[in-house]
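This report refers to the structure that appears directly beneath it.
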Amino acid sequence: MSRSAHPAGPRYADVHTEGHYSPPPADLNTLDEKVWSRTVGRDEDGVVTVAGLPVTRLAEEFGTPAYFLDEADFRARCRAWAEAFGKDADVFYAGKAFLSRAVVHWLKEEGLNLDVCSGGELATALDAGMPPERIALHGNNKSVHEIERAVSAGVGRIVLDSFQEMVRVAHIAQSLGRVQPVQIRVTVGVEAHTHEFIATAHEDQKFGIALADGQAAEAVRRALRLDGIELVGIHSHIGSQIFDMAGFEVSARRVVELLAAVRDEHGVELPEIDLGGGLGIAYTPEDDPREPHEIAKSLTAIVTRECESAGLRTPRISVEPGRAIVGPTAFTLYEVGTIKPLEGLRTYVSVDGGMSDNIRTALYDAEYSVALVSRRSDAEPMLSRVVGKHCESGDIVVRDAFLPADLAPGDLIAVPATGAYCRSMASNYNHALRPPVVAVKDGGARVIVRRETEEDLLRLDVG
Ligand SMILES: *Cc1c(COP(=O)(O)O)cnc(C)c1O
């Protein structure tokens, strides 16, 4: 079965999560290339390898649970996005998906720009030497301190989220003697057929200024009058894990209508349009994401066509993929602890991590796949639920998946496509120690974010 909308949430999708699972693959040892990063394979002993490194050795050296990030794949995806959009567009990696200093270096080297949405992300970007003009600052409630820091660092753009913030940014920039380039984030009234929590462009939400009722037009009017800011474009982000271009089509059309209205009223053609991120990836073999070049082609065509019919010059387009770059590049490696078969129902497989390293299943009903990776097995498929070790029955990592029936404590299993929104949303629930992120490349492995220690926990607890 293939589908164009991910059943991230039963409320918005036409597929029910409960009781829905794919049939077992013909061979449980097969690693579907849709969900595994590019350098993953199985060696002749049946052990899964990444960048030539067997996971058994990685587990010994780095422990479990741990995230292993395929650096060559990450870089290849950056290049694919940059090349697909070309010189007349800008690709901003959404740092909230996963950010570390090593990631910033890779982005810098591969020619991408970077979205940050907090002081912490900004600090990471600046510390790792991201040129400030390649950074954009987002957020619906940026603090005065965050704005000051961004303006004085000279970030390339601040995406304004409200009327209040517009005045704040203008005031801060003036007092620092700067003129800050800004975009206005509008909500276009598109519900991108995804989960309520991650669909962010219908109007009943905290982000952005509504196009409806002339709100966005009023925001433009005020922005053009304020000293300290230079309005360079309009921004729209319609949601996450989107497979279908229809939402972008509607969104682009509405943003272009605003650009035309701005030209008619003020005689100004704003030079930039940002269509946000939200492009879907394959979490399970059933998902069918599009390639960057297809996305680039269709977004560019949509904007160009709409601008032509409105008699506008085509503005410079930018996009902000996070998940689509980092998501497929990493897997989480776990060790199997206890196994609890429930006759006629399913088998609960407990691993040494859980909702502290992957909250997406609990938070969004996200779907994942899983595989036994420390050996081959020709045992029968066993309907399994992979759960963590937290004190919460919703602590589920993979709701429904098939694992071999001879699975045993001590086996290693891995969940692919955990590069985005897993480490970045990780928590210390139950005083769990957040897992490391290990970058693997050409037979080498290096820790880029180390494992948390009990000292780390106790250092924050001042007694
Ligand atoms: C979250 C977010 C993104 C990235 O979303 P992905 O689903 O990771 O591509 C891009 N832009 C904005 C404004 C966001 O809030």
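Here's how to read the names in the structure tokens: chain A, B, ... by the order shown, residue numbers from 1 in each chain, ligand numbers from 1 in the order shown.
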**Study point:** Contact residues around A:Leu403 with only C-alpha atoms at 8 Å, ignoring same-chain residues under 5 positions, as a list in words
**Key:**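 So, after excluding close chain neighbours, the residues are Leu28, Val370, Ala371, Leu372, Pro381, Met382, Leu383 and Ser384 of chain A.
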Which residues of chain A come within 8 Å of ligand 1, and what is each one's closest atom pair and distance in Å (one decimal), counting only C-alpha atoms and all ligand atoms, sorted by chain and residue number, as a Markdown table?
| residue | atom | partner | partner_atom_place_in_ligand_line | distance |
| --- | --- | --- | --- | --- |
| A:Tyr93 | CA | ligand 1 | 4 (C) | 7.6 |
| A:Ala94 | CA | ligand 1 | 4 (C) | 4.9 |
| A:Gly95 | CA | ligand 1 | 4 (C) | 7.9 |
| A:Lys96 | CA | ligand 1 | 1 (C) | 6.7 |
| A:Ala97 | CA | ligand 1 | 8 (O) | 5.5 |
| A:Asp115 | CA | ligand 1 | 11 (N) | 7.4 |
| A:His138 | CA | ligand 1 | 13 (C) | 6.5 |
| A:Gly139 | CA | ligand 1 | 15 (O) | 7.7 |
| A:Ser236 | CA | ligand 1 | 13 (C) | 7.4 |
| A:His237 | CA | ligand 1 | 13 (C) | 5.4 |
| A:Gly239 | CA | ligand 1 | 7 (O) | 6.8 |
| A:Ser240 | CA | ligand 1 | 7 (O) | 4.1 |
| A:Gln241 | CA | ligand 1 | 7 (O) | 5.6 |
| A:Ile242 | CA | ligand 1 | 7 (O) | 7.8 |
| A:Gly276 | CA | ligand 1 | 11 (N) | 4.5 |
| A:Gly277 | CA | ligand 1 | 10 (C) | 3.8 |
| A:Gly278 | CA | ligand 1 | 7 (O) | 3.3 |
| A:Leu279 | CA | ligand 1 | 9 (O) | 5.2 |
| A:Gly280 | CA | ligand 1 | 7 (O) | 6.9 |
| A:Val319 | CA | ligand 1 | 10 (C) | 7.6 |
| A:Glu320 | CA | ligand 1 | 10 (C) | 4.5 |
| A:Pro321 | CA | ligand 1 | 9 (O) | 3.8 |
| A:Gly322 | CA | ligand 1 | 8 (O) | 3.4 |
| A:Arg323 | CA | ligand 1 | 8 (O) | 3.7 |
| A:Ala324 | CA | ligand 1 | 9 (O) | 5.8 |
| A:Ile325 | CA | ligand 1 | 9 (O) | 7.9 |
| A:Ala420 | CA | ligand 1 | 8 (O) | 7.0 |
| A:Tyr421 | CA | ligand 1 | 8 (O) | 7.9 |
Suppose we keep C-alpha atoms; can you now write the selection as a CSV table (one decimal), in the first residue's frame?
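Written output follows (selection00.csv):
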chain,number,residue,atom,x,y,z
A,93,TYR,CA,18.6,23.9,7.2
A,94,ALA,CA,16.2,24.0,10.1
A,95,GLY,CA,18.5,23.5,13.0
A,96,LYS,CA,15.8,22.5,15.4
A,97,ALA,CA,15.7,19.1,13.7
A,115,ASP,CA,17.6,28.5,10.6
A,138,HIS,CA,12.8,32.3,14.0
A,139,GLY,CA,10.4,32.0,16.9
A,236,SER,CA,5.1,30.9,5.2
A,237,HIS,CA,5.6,27.5,6.8
A,239,GLY,CA,3.5,22.1,8.5
A,240,SER,CA,5.6,19.0,8.8
A,241,GLN,CA,6.0,15.6,7.2
A,242,ILE,CA,4.1,16.7,4.1
A,276,GLY,CA,9.3,27.1,4.9
A,277,GLY,CA,10.1,23.4,5.5
A,278,GLY,CA,8.0,20.4,6.3
A,279,LEU,CA,8.9,18.0,3.5
A,280,GLY,CA,8.2,14.4,4.4
A,319,VAL,CA,13.1,26.8,1.7
A,320,GLU,CA,13.8,25.4,5.1
A,321,PRO,CA,14.1,21.6,5.2
A,322,GLY,CA,15.1,20.1,8.5
A,323,ARG,CA,13.8,16.6,8.7
A,324,ALA,CA,14.3,16.0,5.0
A,325,ILE,CA,18.0,16.5,5.4
A,420,ALA,CA,15.4,14.5,13.1
A,421,TYR,CA,13.5,15.6,16.3
Check your understanding: Pick the closest to A:Glu60 from A:Cys391, A:Ala72, A:Leu412, A:Val116: which is it, counting only C-alpha atoms?
Key ->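 Of all the options, A:Leu412 lies closest to A:Glu60.
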Point to revise | Atom pair atom CA of A:Val386 / atom CA of A:Arg399: separation (Å) | key: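 Atom-to-atom, atom CA of A:Val386 and atom CA of A:Arg399 are spaced 6.5 Å apart.
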Check your understanding: Can you tell me, as a VMD selection string, what residues are no more than 12 Å from A:Ala401 when counting only C-alpha atoms, ignoring any on the same chain fewer than 3 positions away?
Key -> chain A and resid 19 to 25 28 284 to 285 346 to 349 367 to 372 381 to 387 396 to 398 404 to 405 413 415
Could you please take those selected residues and save N, CA, C and O atoms as a compact mmCIF listing (two decimals), in the first residue's frame?
# COMPACT_ATOMS: atom_id res chain seq x y z
N GLY A 19 -4.02 -0.60 15.36
CA GLY A 19 -4.31 -1.82 14.64
C GLY A 19 -3.81 -1.81 13.20
O GLY A 19 -3.95 -2.78 12.48
N HIS A 20 -3.24 -0.68 12.78
CA HIS A 20 -2.71 -0.64 11.41
C HIS A 20 -1.23 -0.94 11.42
O HIS A 20 -0.47 -0.29 12.11
N TYR A 21 -0.82 -1.95 10.71
CA TYR A 21 0.61 -2.15 10.53
C TYR A 21 0.84 -2.88 9.22
O TYR A 21 -0.03 -3.56 8.70
N SER A 22 2.05 -2.66 8.68
CA SER A 22 2.38 -3.29 7.40
C SER A 22 2.56 -4.77 7.63
O SER A 22 2.99 -5.19 8.70
N PRO A 23 2.26 -5.57 6.61
CA PRO A 23 2.54 -7.00 6.74
C PRO A 23 4.05 -7.21 6.85
O PRO A 23 4.82 -6.34 6.44
N PRO A 24 4.48 -8.34 7.41
CA PRO A 24 5.93 -8.56 7.52
C PRO A 24 6.56 -8.64 6.13
O PRO A 24 5.93 -9.16 5.21
N PRO A 25 7.76 -8.10 5.96
CA PRO A 25 8.43 -8.25 4.67
C PRO A 25 8.76 -9.71 4.42
O PRO A 25 8.79 -10.52 5.36
N LEU A 28 12.92 -10.72 6.83
CA LEU A 28 13.13 -9.72 7.89
C LEU A 28 14.56 -9.18 7.91
O LEU A 28 14.84 -8.18 8.55
N THR A 284 8.70 4.59 7.34
CA THR A 284 8.48 3.17 7.08
C THR A 284 8.54 2.99 5.56
O THR A 284 8.40 3.97 4.81
N PRO A 285 8.74 1.75 5.10
CA PRO A 285 8.83 1.54 3.64
C PRO A 285 7.57 1.95 2.89
O PRO A 285 7.59 2.11 1.68
N ARG A 346 0.58 -9.61 20.93
CA ARG A 346 1.84 -9.09 20.42
C ARG A 346 2.91 -9.39 21.46
O ARG A 346 2.60 -9.81 22.58
N THR A 347 4.17 -9.12 21.09
CA THR A 347 5.27 -9.29 22.03
C THR A 347 5.87 -7.93 22.36
O THR A 347 6.18 -7.15 21.44
N TYR A 348 5.97 -7.63 23.64
CA TYR A 348 6.61 -6.39 24.05
C TYR A 348 8.11 -6.62 24.16
O TYR A 348 8.55 -7.54 24.86
N VAL A 349 8.86 -5.79 23.43
CA VAL A 349 10.32 -5.88 23.44
C VAL A 349 10.83 -4.61 24.11
O VAL A 349 10.64 -3.51 23.59
N GLU A 367 5.14 6.80 13.23
CA GLU A 367 5.44 5.40 12.92
C GLU A 367 6.92 5.25 12.62
O GLU A 367 7.53 6.13 12.01
N TYR A 368 7.47 4.15 13.04
CA TYR A 368 8.87 3.82 12.73
C TYR A 368 8.94 2.36 12.33
O TYR A 368 8.01 1.59 12.58
N SER A 369 10.08 1.97 11.76
CA SER A 369 10.33 0.55 11.55
C SER A 369 11.51 0.16 12.45
O SER A 369 12.11 1.02 13.10
N VAL A 370 11.81 -1.12 12.51
CA VAL A 370 12.88 -1.59 13.39
C VAL A 370 13.45 -2.87 12.79
O VAL A 370 12.75 -3.59 12.07
N ALA A 371 14.73 -3.13 13.06
CA ALA A 371 15.33 -4.37 12.57
C ALA A 371 16.31 -4.93 13.60
O ALA A 371 16.93 -4.17 14.36
N LEU A 372 16.42 -6.25 13.60
CA LEU A 372 17.48 -6.93 14.34
C LEU A 372 18.76 -6.68 13.55
O LEU A 372 18.82 -6.99 12.36
N PRO A 381 8.42 -14.28 11.60
CA PRO A 381 8.15 -12.91 12.06
C PRO A 381 7.23 -12.91 13.29
O PRO A 381 6.30 -13.72 13.37
N MET A 382 7.52 -12.01 14.20
CA MET A 382 6.76 -11.93 15.45
C MET A 382 6.26 -10.48 15.57
O MET A 382 7.07 -9.54 15.52
N LEU A 383 4.93 -10.31 15.68
CA LEU A 383 4.40 -8.95 15.81
C LEU A 383 4.87 -8.37 17.15
O LEU A 383 4.61 -8.94 18.21
N SER A 384 5.58 -7.25 17.08
CA SER A 384 6.24 -6.72 18.27
C SER A 384 5.87 -5.27 18.50
O SER A 384 5.50 -4.55 17.57
N ARG A 385 6.00 -4.86 19.74
CA ARG A 385 5.93 -3.45 20.10
C ARG A 385 7.21 -3.14 20.85
O ARG A 385 7.49 -3.75 21.89
N VAL A 386 7.98 -2.22 20.29
CA VAL A 386 9.26 -1.88 20.93
C VAL A 386 8.99 -0.76 21.93
O VAL A 386 8.50 0.32 21.56
N VAL A 387 9.29 -1.03 23.19
CA VAL A 387 8.99 -0.06 24.26
C VAL A 387 10.28 0.27 25.00
O VAL A 387 11.27 -0.46 24.93
N ILE A 396 6.44 4.20 24.08
CA ILE A 396 6.54 3.28 22.92
C ILE A 396 7.48 3.90 21.90
O ILE A 396 7.38 5.09 21.59
N VAL A 397 8.40 3.10 21.40
CA VAL A 397 9.30 3.58 20.35
C VAL A 397 8.76 3.19 18.98
O VAL A 397 8.68 4.01 18.08
N VAL A 398 8.40 1.92 18.82
CA VAL A 398 7.80 1.46 17.56
C VAL A 398 6.53 0.71 17.92
O VAL A 398 6.56 -0.32 18.60
N PRO A 404 12.17 -10.95 14.40
CA PRO A 404 12.21 -12.41 14.36
C PRO A 404 11.86 -13.02 15.72
O PRO A 404 12.20 -12.47 16.77
N ALA A 405 11.18 -14.16 15.68
CA ALA A 405 10.66 -14.78 16.90
C ALA A 405 11.76 -15.30 17.83
O ALA A 405 11.51 -15.54 19.00
N ILE A 413 18.98 -4.08 18.34
CA ILE A 413 18.01 -3.71 17.31
C ILE A 413 18.20 -2.23 17.00
O ILE A 413 18.74 -1.48 17.83
N VAL A 415 16.45 1.37 15.13
CA VAL A 415 15.31 2.09 14.57
C VAL A 415 15.85 3.14 13.60
O VAL A 415 16.58 4.04 14.03
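Each of A:Val48, A:Ile273, A:Ile158, A:Val179 was compared to A:Asp88 using only C-alpha atoms, and A:Ile273 turns out to be the nearest.
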Practice item. Give the strand (DSSP E or B) residues of stretch 62-223 of chain A, as assigned by DSSP on the backbone, as a ChimeraX atom specification. Key: /A:66-70,89-94,113-116,135-137,157-160,180-187,209-210
**Study point:** Which of stretch 29-247 of chain A DSSP labels alpha helix (DSSP H), written as a PyMOL selection string
**Key:** chain A and resi 55-62+71-85+101-110+119-127+144-153+163-175+215-225+246-247
Practice item. Extract, using only C-alpha atoms, all DNA, RNA and protein residues at most 6 Å from stretch 287-302 of chain A, discarding same-chain residues fewer than 6 positions from it, and format them as a list in words. Key: Trp81, Ala84, Phe85, Phe243, Gly280 and Ile281 of chain A
**Study point:** A:Lys206 surroundings by only C-alpha atoms, 8 Å radius, close-in-sequence under 2 positions cut, as JSON, numbers by chain
**Key:** {"A": [140, 204, 208]}
Review point. Of the candidates A:Gly86, A:Gly233, A:Gly177, A:Pro328, which shows the shortest atom-to-atom distance to A:Gly154, using only C-alpha atoms?
Key: A:Gly177
**Study point:** Within 7 Å of A:Val186 using only C-alpha atoms, minus same-chain residues under 6 positions, as a PyMOL selection string
**Key:** chain A and resi 208-211+216+235-236
Selection above as a file: C-alpha atoms, as a compact mmCIF listing (two decimals), in the first residue's frame:
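Result went into result17.txt, see below:
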# COMPACT_ATOMS: atom_id res chain seq x y z
CA GLY A 208 2.58 34.09 12.45
CA ILE A 209 0.23 36.82 11.29
CA ALA A 210 -2.94 35.78 9.48
CA LEU A 211 -3.46 36.74 5.86
CA ALA A 216 -0.68 40.56 7.06
CA HIS A 235 7.52 33.77 4.99
CA SER A 236 5.11 30.89 5.25
Review point. Nearest to A:Ser424 among A:Ile359, A:Cys78, A:Leu460, A:Ala260, with distances taken over only C-alpha atoms: which residue is it?
Key: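 Once distances to A:Ser424 are computed over only C-alpha atoms, the minimum belongs to A:Ile359.
By only C-alpha atoms, and with residues fewer than 5 positions from A:Thr332 along its chain excluded, the set lying at most 8 Å from it is Pro65, Ala66, Tyr67, Phe68, Ala414, Val415, Pro416 and Thr418 of chain A.
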Taking only C-alpha atoms into account, produce a table as CSV in which each residue of stretch 131-222 of chain A with an atom at most 9 Å from an atom of stretch 122-127 of chain A appears once, together with its shortest atom pair and the distance in Å to one decimal, ordered by chain and rising number.
residue,atom,partner,partner_atom,distance
A:Pro131,CA,A:Leu126,CA,7.4
A:Pro132,CA,A:Leu126,CA,7.1
A:Ile135,CA,A:Ala125,CA,8.0
A:Leu137,CA,A:Leu122,CA,7.8
A:Glu146,CA,A:Leu122,CA,8.4
A:Arg149,CA,A:Leu122,CA,8.6
A:Ala150,CA,A:Leu122,CA,7.6
A:Ala153,CA,A:Leu126,CA,8.4
Got time to write the residues from that selection, C-alpha atoms, as a PDB file, in the first residue's frame?
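Output file result.pdb is given in full below:
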ATOM      1  CA  PRO A 131      28.739  33.301   8.950  1.00  0.00           C
ATOM      2  CA  PRO A 132      25.972  35.379  10.575  1.00  0.00           C
ATOM      3  CA  ILE A 135      21.665  32.593   9.711  1.00  0.00           C
ATOM      4  CA  LEU A 137      16.254  33.681  13.434  1.00  0.00           C
ATOM      5  CA  GLU A 146      17.808  36.836  21.773  1.00  0.00           C
ATOM      6  CA  ARG A 149      22.200  38.989  20.199  1.00  0.00           C
ATOM      7  CA  ALA A 150      20.967  38.198  16.695  1.00  0.00           C
ATOM      8  CA  ALA A 153      25.809  39.386  15.458  1.00  0.00           C
TER       9      ALA A 153
END
Check your understanding: Which residue gives the smallest distance to A:Ala261 among A:Ile234, A:Arg450, A:Ser100, A:Ala217, with only C-alpha atoms counted?
Key ->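 Nearest to A:Ala261: A:Ala217.
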Practice item. To one decimal in Å, tell me the separation between atom CA of A:Arg305 and atom CA of A:Arg253. Key: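 Interatomic distance, atom CA of A:Arg305 to atom CA of A:Arg253: 9.2 Å.
Candidate residues A:Phe331, A:Val268, A:Val256, A:Asp442 were compared for distance to A:Glu308, and the nearest is A:Val256, using only C-alpha atoms.
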